[in-house]
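What follows is the content of upload.txt (compact mmCIF, C-alpha atoms).
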# COMPACT_ATOMS: atom_id res chain seq x y z
CA MET P 1 135.12 65.03 96.86
CA ILE P 2 131.77 65.74 95.25
CA LEU P 3 133.11 65.79 91.70
CA ASP P 4 134.28 62.21 92.14
CA GLN P 5 130.65 61.16 92.48
CA PHE P 6 130.01 62.23 88.89
CA LYS P 7 132.73 60.00 87.47
CA LEU P 8 131.68 56.96 85.46
CA ASP P 9 135.09 55.35 85.10
CA ASP P 10 134.81 51.86 83.59
CA LYS P 11 131.02 51.77 83.89
CA ALA P 12 129.27 49.87 81.11
CA ALA P 13 126.36 51.67 79.46
CA ILE P 14 123.77 50.93 76.79
CA VAL P 15 122.31 53.85 74.84
CA THR P 16 119.52 53.22 72.34
CA GLY P 17 119.04 55.57 69.41
CA ALA P 18 122.75 56.41 69.58
CA ALA P 19 123.44 57.09 65.90
CA ARG P 20 122.53 60.76 65.99
CA GLY P 21 120.74 63.53 67.86
CA LEU P 22 120.00 63.24 71.56
CA GLY P 23 121.19 59.64 71.86
CA GLN P 24 124.49 60.40 70.20
CA ALA P 25 125.15 63.34 72.52
CA MET P 26 124.20 61.39 75.64
CA ALA P 27 126.40 58.44 74.63
CA ILE P 28 129.35 60.77 74.10
CA GLY P 29 128.62 62.54 77.39
CA LEU P 30 128.70 59.22 79.27
CA ALA P 31 132.00 58.35 77.61
CA GLU P 32 133.44 61.76 78.48
CA ALA P 33 132.62 60.92 82.10
CA GLY P 34 134.48 57.60 81.79
CA ALA P 35 131.93 55.01 80.65
CA ASN P 36 132.24 52.38 77.93
CA VAL P 37 129.17 52.40 75.72
CA ALA P 38 127.13 49.94 73.67
CA LEU P 39 125.60 51.99 70.86
CA VAL P 40 122.22 50.65 69.75
CA ASP P 41 120.43 51.86 66.62
CA ILE P 42 118.89 50.64 63.39
CA LEU P 43 121.24 53.13 61.68
CA PRO P 44 125.04 52.90 61.62
CA THR P 45 126.64 54.33 64.74
CA ASP P 46 130.14 54.70 63.26
CA GLU P 47 130.30 58.45 63.88
CA THR P 48 129.37 58.12 67.55
CA GLN P 49 131.72 55.18 68.01
CA LYS P 50 134.65 57.07 66.47
CA VAL P 51 134.22 59.99 68.88
CA ILE P 52 134.05 57.68 71.90
CA LEU P 53 137.13 55.73 70.84
CA THR P 54 139.11 58.97 70.49
CA LEU P 55 138.23 59.66 74.14
CA GLY P 56 140.03 56.47 75.11
CA ARG P 57 136.85 54.62 76.01
CA LYS P 58 135.45 51.42 74.52
CA ALA P 59 132.42 51.45 72.25
CA ILE P 60 130.59 48.71 70.40
CA SER P 61 127.93 49.08 67.73
CA ILE P 62 124.77 46.97 67.95
CA ILE P 63 122.50 47.28 64.93
CA ALA P 64 118.99 46.46 66.13
CA ASN P 65 115.42 46.95 64.97
CA LEU P 66 113.62 47.92 68.15
CA MET P 67 110.28 47.30 66.46
CA SER P 68 111.03 43.62 67.08
CA MET P 69 110.98 42.02 70.50
CA GLU P 70 113.62 39.61 69.23
CA SER P 71 116.15 42.46 69.27
CA ILE P 72 116.10 42.88 73.04
CA GLN P 73 118.02 39.91 74.41
CA PRO P 74 120.85 40.17 71.85
CA ILE P 75 121.44 43.77 72.95
CA VAL P 76 121.89 42.61 76.53
CA ASP P 77 124.01 39.60 75.60
CA LYS P 78 126.36 41.54 73.30
CA THR P 79 126.90 44.24 75.92
CA VAL P 80 127.76 41.74 78.64
CA GLN P 81 130.02 39.87 76.24
CA ALA P 82 131.90 43.07 75.37
CA PHE P 83 132.11 44.72 78.79
CA GLY P 84 131.41 41.92 81.26
CA LYS P 85 128.52 43.78 82.90
CA ILE P 86 125.83 46.44 82.52
CA ASP P 87 125.75 49.44 84.86
CA ILE P 88 123.68 51.98 82.91
CA LEU P 89 120.78 51.81 80.46
CA VAL P 90 119.59 54.88 78.56
CA ASN P 91 116.26 54.18 76.85
CA ASN P 92 116.45 56.98 74.31
CA ALA P 93 115.23 55.48 71.01
CA GLY P 94 111.87 56.85 69.94
CA ILE P 95 109.78 57.76 66.94
CA ILE P 96 106.95 60.19 66.25
CA ARG P 97 104.13 60.22 63.71
CA ARG P 98 102.01 63.29 62.94
CA ALA P 99 98.45 63.41 61.62
CA PRO P 100 95.10 64.93 62.64
CA LEU P 101 93.16 62.92 65.20
CA THR P 102 90.44 62.02 62.69
CA GLU P 103 92.99 60.67 60.20
CA PHE P 104 95.48 58.94 62.50
CA SER P 105 96.15 55.35 61.41
CA GLU P 106 96.34 52.20 63.49
CA LYS P 107 99.82 51.52 62.10
CA ASP P 108 101.10 54.90 63.24
CA TRP P 109 99.62 54.20 66.65
CA ASP P 110 101.13 50.73 66.96
CA ASP P 111 104.59 51.64 65.65
CA VAL P 112 105.07 54.52 68.08
CA ILE P 113 103.73 52.60 71.09
CA GLN P 114 105.96 49.65 70.20
CA ILE P 115 109.24 51.54 70.30
CA ASN P 116 108.51 54.34 72.74
CA GLN P 117 106.69 52.26 75.34
CA LYS P 118 106.75 48.49 74.86
CA THR P 119 110.41 48.13 73.89
CA LEU P 120 111.41 50.56 76.64
CA PHE P 121 109.73 48.37 79.24
CA PHE P 122 111.01 45.02 78.03
CA LEU P 123 114.59 46.22 77.52
CA SER P 124 114.48 47.67 81.04
CA GLN P 125 113.18 44.32 82.26
CA ALA P 126 116.00 42.41 80.56
CA VAL P 127 118.68 44.80 81.80
CA GLY P 128 117.11 44.88 85.26
CA ARG P 129 117.49 41.12 85.51
CA VAL P 130 121.20 41.44 84.74
CA MET P 131 121.68 44.27 87.24
CA ILE P 132 119.89 42.30 89.97
CA LYS P 133 122.06 39.25 89.30
CA GLN P 134 125.22 41.37 89.37
CA GLY P 135 124.24 42.70 92.80
CA GLN P 136 126.00 46.03 92.25
CA GLY P 137 123.01 48.26 91.59
CA GLY P 138 122.61 50.28 88.43
CA LYS P 139 120.99 53.21 86.65
CA ILE P 140 118.13 53.21 84.15
CA ILE P 141 117.37 56.51 82.42
CA ASN P 142 114.34 56.95 80.17
CA THR P 143 113.73 59.69 77.62
CA ALA P 144 110.33 61.24 78.26
CA SER P 145 109.07 64.48 76.68
CA MET P 146 107.24 67.72 77.39
CA LEU P 147 104.26 65.79 76.04
CA SER P 148 104.58 63.56 79.08
CA PHE P 149 103.05 66.60 80.81
CA GLN P 150 101.01 68.18 78.01
CA GLY P 151 98.57 66.95 75.38
CA GLY P 152 100.04 68.45 72.26
CA ILE P 153 98.34 68.27 68.87
CA LEU P 154 98.59 65.89 65.89
CA VAL P 155 100.67 63.32 67.82
CA PRO P 156 98.25 61.07 69.78
CA SER P 157 100.43 57.96 69.91
CA TYR P 158 103.51 59.97 70.83
CA THR P 159 101.66 61.76 73.64
CA ALA P 160 100.26 58.46 74.90
CA SER P 161 103.64 56.75 74.83
CA LYS P 162 105.55 59.58 76.47
CA SER P 163 102.90 59.90 79.18
CA ALA P 164 103.41 56.19 79.77
CA VAL P 165 107.16 56.74 80.10
CA ILE P 166 106.61 58.77 83.27
CA GLY P 167 104.37 56.06 84.72
CA LEU P 168 106.77 53.27 83.80
CA THR P 169 109.68 55.24 85.24
CA ARG P 170 107.86 55.39 88.58
CA LEU P 171 106.86 51.72 88.43
CA LEU P 172 110.37 50.54 87.56
CA ALA P 173 111.81 52.74 90.31
CA ASN P 174 109.45 51.28 92.90
CA GLU P 175 110.30 47.70 92.04
CA LEU P 176 114.04 48.09 91.42
CA ALA P 177 114.94 50.44 94.29
CA PRO P 178 115.39 47.53 96.74
CA HIS P 179 118.16 46.31 94.42
CA ASN P 180 119.96 49.69 94.51
CA ILE P 181 118.88 50.41 90.94
CA ASN P 182 117.83 54.01 90.28
CA VAL P 183 115.27 54.70 87.56
CA ASN P 184 114.62 58.27 86.42
CA ALA P 185 113.74 60.07 83.20
CA ILE P 186 114.70 63.13 81.19
CA ALA P 187 112.02 65.22 79.47
CA PRO P 188 113.71 67.23 76.72
CA GLY P 189 112.07 70.41 75.51
CA TYR P 190 112.01 71.59 71.91
CA MET P 191 115.32 70.25 70.64
CA ALA P 192 116.94 70.89 67.26
CA THR P 193 116.78 67.29 65.98
CA ASP P 194 115.41 65.46 62.96
CA ASN P 195 112.09 64.97 64.79
CA THR P 196 111.54 68.75 64.92
CA LYS P 197 112.91 69.64 61.48
CA ALA P 198 109.44 70.30 60.06
CA LEU P 199 108.57 72.61 62.96
CA ARG P 200 111.76 74.61 62.62
CA GLU P 201 111.25 75.00 58.88
CA ASP P 202 107.73 76.41 59.38
CA PRO P 203 108.37 80.14 60.03
CA ALA P 204 105.13 80.76 61.92
CA ARG P 205 105.42 77.63 64.08
CA ASN P 206 109.10 78.22 64.74
CA GLU P 207 108.44 81.80 65.89
CA ALA P 208 105.56 80.73 68.13
CA ILE P 209 107.71 78.08 69.80
CA LEU P 210 110.66 80.40 70.39
CA ASN P 211 108.37 83.07 71.83
CA ARG P 212 107.21 80.54 74.45
CA ILE P 213 110.70 79.40 75.52
CA PRO P 214 112.19 81.66 78.22
CA ALA P 215 115.71 80.67 77.15
CA GLY P 216 114.90 82.06 73.71
CA ARG P 217 116.41 79.22 71.70
CA TRP P 218 115.91 75.64 70.62
CA GLY P 219 117.71 73.10 72.75
CA GLU P 220 120.80 71.39 71.40
CA SER P 221 121.62 67.72 71.87
CA GLU P 222 124.64 68.67 73.97
CA ASP P 223 122.28 70.26 76.50
CA LEU P 224 121.46 66.74 77.72
CA LYS P 225 125.02 65.66 78.47
CA GLY P 226 125.07 67.07 82.00
CA ILE P 227 121.76 65.61 83.13
CA VAL P 228 122.42 62.14 81.72
CA VAL P 229 125.81 61.98 83.45
CA PHE P 230 124.21 63.14 86.70
CA LEU P 231 121.46 60.52 86.54
CA ALA P 232 123.97 57.82 85.60
CA SER P 233 126.31 58.67 88.47
CA GLU P 234 126.44 58.19 92.21
CA ALA P 235 125.59 61.87 92.60
CA SER P 236 121.94 60.97 91.96
CA SER P 237 121.82 57.92 94.23
CA TYR P 238 118.82 59.22 96.20
CA MET P 239 116.72 60.11 93.15
CA GLN P 240 114.02 57.60 92.24
CA GLY P 241 111.13 57.71 89.80
CA TYR P 242 111.53 61.36 88.88
CA THR P 243 111.31 63.02 85.46
CA VAL P 244 113.57 66.03 84.96
CA ALA P 245 112.57 68.59 82.33
CA VAL P 246 115.41 70.08 80.29
CA ASP P 247 113.33 72.52 78.26
CA GLY P 248 114.71 76.04 78.45
CA GLY P 249 111.84 76.93 80.78
CA TRP P 250 108.96 75.90 78.48
CA LEU P 251 106.95 74.18 81.22
CA ALA P 252 107.57 77.06 83.62
CA ARG P 253 106.03 79.63 81.25
Transcribe the structure of this file into structure tokens.
Amino acid sequence: MILDQFKLDDKAAIVTGAARGLGQAMAIGLAEAGANVALVDILPTDETQKVILTLGRKAISIIANLMSMESIQPIVDKTVQAFGKIDILVNNAGIIRRAPLTEFSEKDWDDVIQINQKTLFFLSQAVGRVMIKQGQGGKIINTASMLSFQGGILVPSYTASKSAVIGLTRLLANELAPHNINVNAIAPGYMATDNTKALREDPARNEAILNRIPAGRWGESEDLKGIVVFLASEASSYMQGYTVAVDGGWLAR
């Protein structure tokens, strides 16, 4: 039956940026579909973990500073130690810095590129090695952005990094497909998260954004549950290197 292909019973997943927002919702969505989840964040993930445990699934918290390359291998090792394997990786952690082009600092450039692009690649590399060794395939899901398709304003390093996410998703898909590992990405639209708080609190900017969204509302974190479960499941086994926009129709306008 087709619905069986969406089940993630006893799959082992890693979700970065799982303490709140989009990562929290996606981690819970994976658990609702049956997965056990390693919750990675620099912030405490107790709230996410509690919800997953009440669902009858396993969840471990891994506090990690993804600005450091030294954080990557411990994430992999702790997940394998807890669950015995890795089936799913959701590269969700990301940061954004805003400033005019003429004032943008090197530090704000480097910090955003580090987490959004460099860490994403090297964590995918480390998890990919485990998946290849396991010989059972796997799923890697990256969080892209509408600014993977558009230029935006005031966010040069974010735009650069999220544009790179699409390219890296394709590259990883090309190289890992022979090992039955699917790599795809999700491009969220304007979501009601901490990253967009300033935009939502600016009446003029908020109105302009809502006027452009055919759905007529900001996205909620829960809007990503369905797509992450789909991309993590056997139902998406013939999807490779694709970035799916979940944006209320923004890019279609």
Residues of range 61-180 of chain P that have any atom at most 8 Å from an atom of range 40-51 of chain P: could you tabulate them with the shortest-distance atom pair and the distance in Å to one decimal, using all atoms listed in the file, ordered by chain and increasing number, as CSV?
residue,atom,partner,partner_atom,distance
P:Ser61,CA,P:Thr45,CA,6.2
P:Ile62,CA,P:Val40,CA,4.8
P:Ile63,CA,P:Ile42,CA,5.2
P:Ala64,CA,P:Ile42,CA,5.0
P:Asn65,CA,P:Ile42,CA,5.3
P:Leu66,CA,P:Ile42,CA,7.6
P:Ile75,CA,P:Val40,CA,7.6
P:Ala93,CA,P:Asp41,CA,7.7
What's the 12 Å shell around range 2-11 of chain P, counting all atoms listed in the file, without same-chain residues fewer than 6 positions away, as an NGL selection string? :P and (29-38 or 56-59 or 79-80 or 83-89 or 136-139 or 226-237)
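With distances restricted to all atoms listed in the file, P:Ala19 is the closest residue to Asn92 in chain P from P:Ala19, P:Leu154, P:Ala160, P:Leu171.
CA of Pro188 in chain P lies 25.9 Å from CA of Val76 in chain P.
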Minimum-distance residue to Ile72 in chain P, chosen among P:Ile28, P:Ile113, P:Val127, P:Leu53 (using only C-alpha atoms): P:Val127
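CA of Leu123 in chain P is found 22.7 Å from CA of Met146 in chain P.
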Any idea what's packed within 10 Å of Trp109 in chain P, counting all atoms listed in the file, ignoring anything in its chain fewer than 2 positions away? Could you give it as JSON, numbers by chain? {"P": [96, 97, 104, 105, 106, 107, 111, 112, 113, 114, 155, 156, 157, 158, 160, 161]}
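The closest residue to Arg217 in chain P, picked from P:Ala192, P:Ala13, P:Leu55, P:Leu199 and counting all atoms listed in the file, is P:Ala192.
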CA of Ala164 in chain P and CA of Glu103 in chain P, how far apart in Å? 22.6 Å
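Minimum atom-to-atom distances from P:Ile140, P:Leu147, P:Ile166, P:Leu176 to Leu251 in chain P were compared using only C-alpha atoms, and the lowest value belongs to P:Leu147.
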For the contact check between range 121-168 of chain P and range 177-184 of chain P, emit one row per residue of range 121-168 of chain P within 12 Å, containing the shortest atom pair and the distance in Å rounded to one decimal, counting only C-alpha atoms, chain then rising number order, as JSON lines.
{"residue": "P:Phe121", "atom": "CA", "partner": "P:Val183", "partner_atom": "CA", "distance": 11.8}
{"residue": "P:Ser124", "atom": "CA", "partner": "P:Val183", "partner_atom": "CA", "distance": 9.6}
{"residue": "P:Gln125", "atom": "CA", "partner": "P:Val183", "partner_atom": "CA", "distance": 11.8}
{"residue": "P:Val127", "atom": "CA", "partner": "P:Ile181", "partner_atom": "CA", "distance": 10.7}
{"residue": "P:Gly128", "atom": "CA", "partner": "P:Ile181", "partner_atom": "CA", "distance": 8.1}
{"residue": "P:Arg129", "atom": "CA", "partner": "P:His179", "partner_atom": "CA", "distance": 10.3}
{"residue": "P:Val130", "atom": "CA", "partner": "P:Ile181", "partner_atom": "CA", "distance": 11.1}
{"residue": "P:Met131", "atom": "CA", "partner": "P:Ile181", "partner_atom": "CA", "distance": 7.7}
{"residue": "P:Ile132", "atom": "CA", "partner": "P:His179", "partner_atom": "CA", "distance": 6.2}
{"residue": "P:Lys133", "atom": "CA", "partner": "P:His179", "partner_atom": "CA", "distance": 9.6}
{"residue": "P:Gln134", "atom": "CA", "partner": "P:His179", "partner_atom": "CA", "distance": 10.0}
{"residue": "P:Gly135", "atom": "CA", "partner": "P:His179", "partner_atom": "CA", "distance": 7.3}
{"residue": "P:Gln136", "atom": "CA", "partner": "P:Asn180", "partner_atom": "CA", "distance": 7.4}
{"residue": "P:Gly137", "atom": "CA", "partner": "P:Asn180", "partner_atom": "CA", "distance": 4.5}
{"residue": "P:Gly138", "atom": "CA", "partner": "P:Ile181", "partner_atom": "CA", "distance": 4.5}
{"residue": "P:Lys139", "atom": "CA", "partner": "P:Asn182", "partner_atom": "CA", "distance": 4.9}
{"residue": "P:Ile140", "atom": "CA", "partner": "P:Val183", "partner_atom": "CA", "distance": 4.7}
{"residue": "P:Ile141", "atom": "CA", "partner": "P:Asn184", "partner_atom": "CA", "distance": 5.2}
{"residue": "P:Asn142", "atom": "CA", "partner": "P:Asn184", "partner_atom": "CA", "distance": 6.4}
{"residue": "P:Thr143", "atom": "CA", "partner": "P:Asn184", "partner_atom": "CA", "distance": 9.0}
{"residue": "P:Ala144", "atom": "CA", "partner": "P:Asn184", "partner_atom": "CA", "distance": 9.7}
{"residue": "P:Val165", "atom": "CA", "partner": "P:Asn184", "partner_atom": "CA", "distance": 9.9}
{"residue": "P:Ile166", "atom": "CA", "partner": "P:Asn184", "partner_atom": "CA", "distance": 8.6}
{"residue": "P:Gly167", "atom": "CA", "partner": "P:Asn184", "partner_atom": "CA", "distance": 10.6}
{"residue": "P:Leu168", "atom": "CA", "partner": "P:Val183", "partner_atom": "CA", "distance": 9.4}
Measuring between all atoms listed in the file, which one of P:Ala126, P:Met239, P:Ile115, P:Leu101 shows the shortest distance to Thr169 in chain P? P:Met239
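Counting only C-alpha atoms, the residue from P:Trp250, P:Ala173, P:Gln240, P:Ala25 that sits nearest to Ala208 in chain P is P:Trp250.
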If we count all atoms listed in the file and set the cut-off at 8 Å, which residues sit around Asp247 in chain P, ignoring sequence neighbours fewer than 6 positions away in its own chain? Please answer as a list of chain:residue names. P:Met146, P:Ala187, P:Pro188, P:Gly189, P:Tyr190, P:Ile213, P:Gly219
Output file for the selection above: C-alpha atoms, as an mmCIF file, in the coordinates of the input:
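Output (result.cif):
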data_model
loop_
_atom_site.group_PDB
_atom_site.id
_atom_site.type_symbol
_atom_site.label_atom_id
_atom_site.label_comp_id
_atom_site.auth_asym_id
_atom_site.auth_seq_id
_atom_site.Cartn_x
_atom_site.Cartn_y
_atom_site.Cartn_z
ATOM 1 C CA MET P 146 107.240 67.720 77.390
ATOM 2 C CA ALA P 187 112.020 65.220 79.470
ATOM 3 C CA PRO P 188 113.710 67.230 76.720
ATOM 4 C CA GLY P 189 112.070 70.410 75.510
ATOM 5 C CA TYR P 190 112.010 71.590 71.910
ATOM 6 C CA ILE P 213 110.700 79.400 75.520
ATOM 7 C CA GLY P 219 117.710 73.100 72.750
#
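Near (108.9, 62.0, 63.5), the residues that fall inside 8 Å on the basis of all atoms listed in the file are P:Ile95, P:Ile96, P:Arg97, P:Arg98, P:Asp194, P:Asn195, P:Thr196.
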Write out the residues from the selection above, keeping C-alpha atoms, as a short mmCIF file (atom, residue, chain, number, x, y, z; two decimals), keeping the file's coordinate frame.
data_model
loop_
_atom_site.label_atom_id
_atom_site.label_comp_id
_atom_site.auth_asym_id
_atom_site.auth_seq_id
_atom_site.Cartn_x
_atom_site.Cartn_y
_atom_site.Cartn_z
CA ILE P 95 109.78 57.76 66.94
CA ILE P 96 106.95 60.19 66.25
CA ARG P 97 104.13 60.22 63.71
CA ARG P 98 102.01 63.29 62.94
CA ASP P 194 115.41 65.46 62.96
CA ASN P 195 112.09 64.97 64.79
CA THR P 196 111.54 68.75 64.92
#
Quick one: 5 Å padding each side, axis-aligned, all listed atoms of range 87-95 of chain P - centre and edge lengths in Å to one decimal, as AutoDock Vina command-line options?
--center_x 117.8 --center_y 53.6 --center_z 75.9 --size_x 26.0 --size_y 18.3 --size_z 27.9
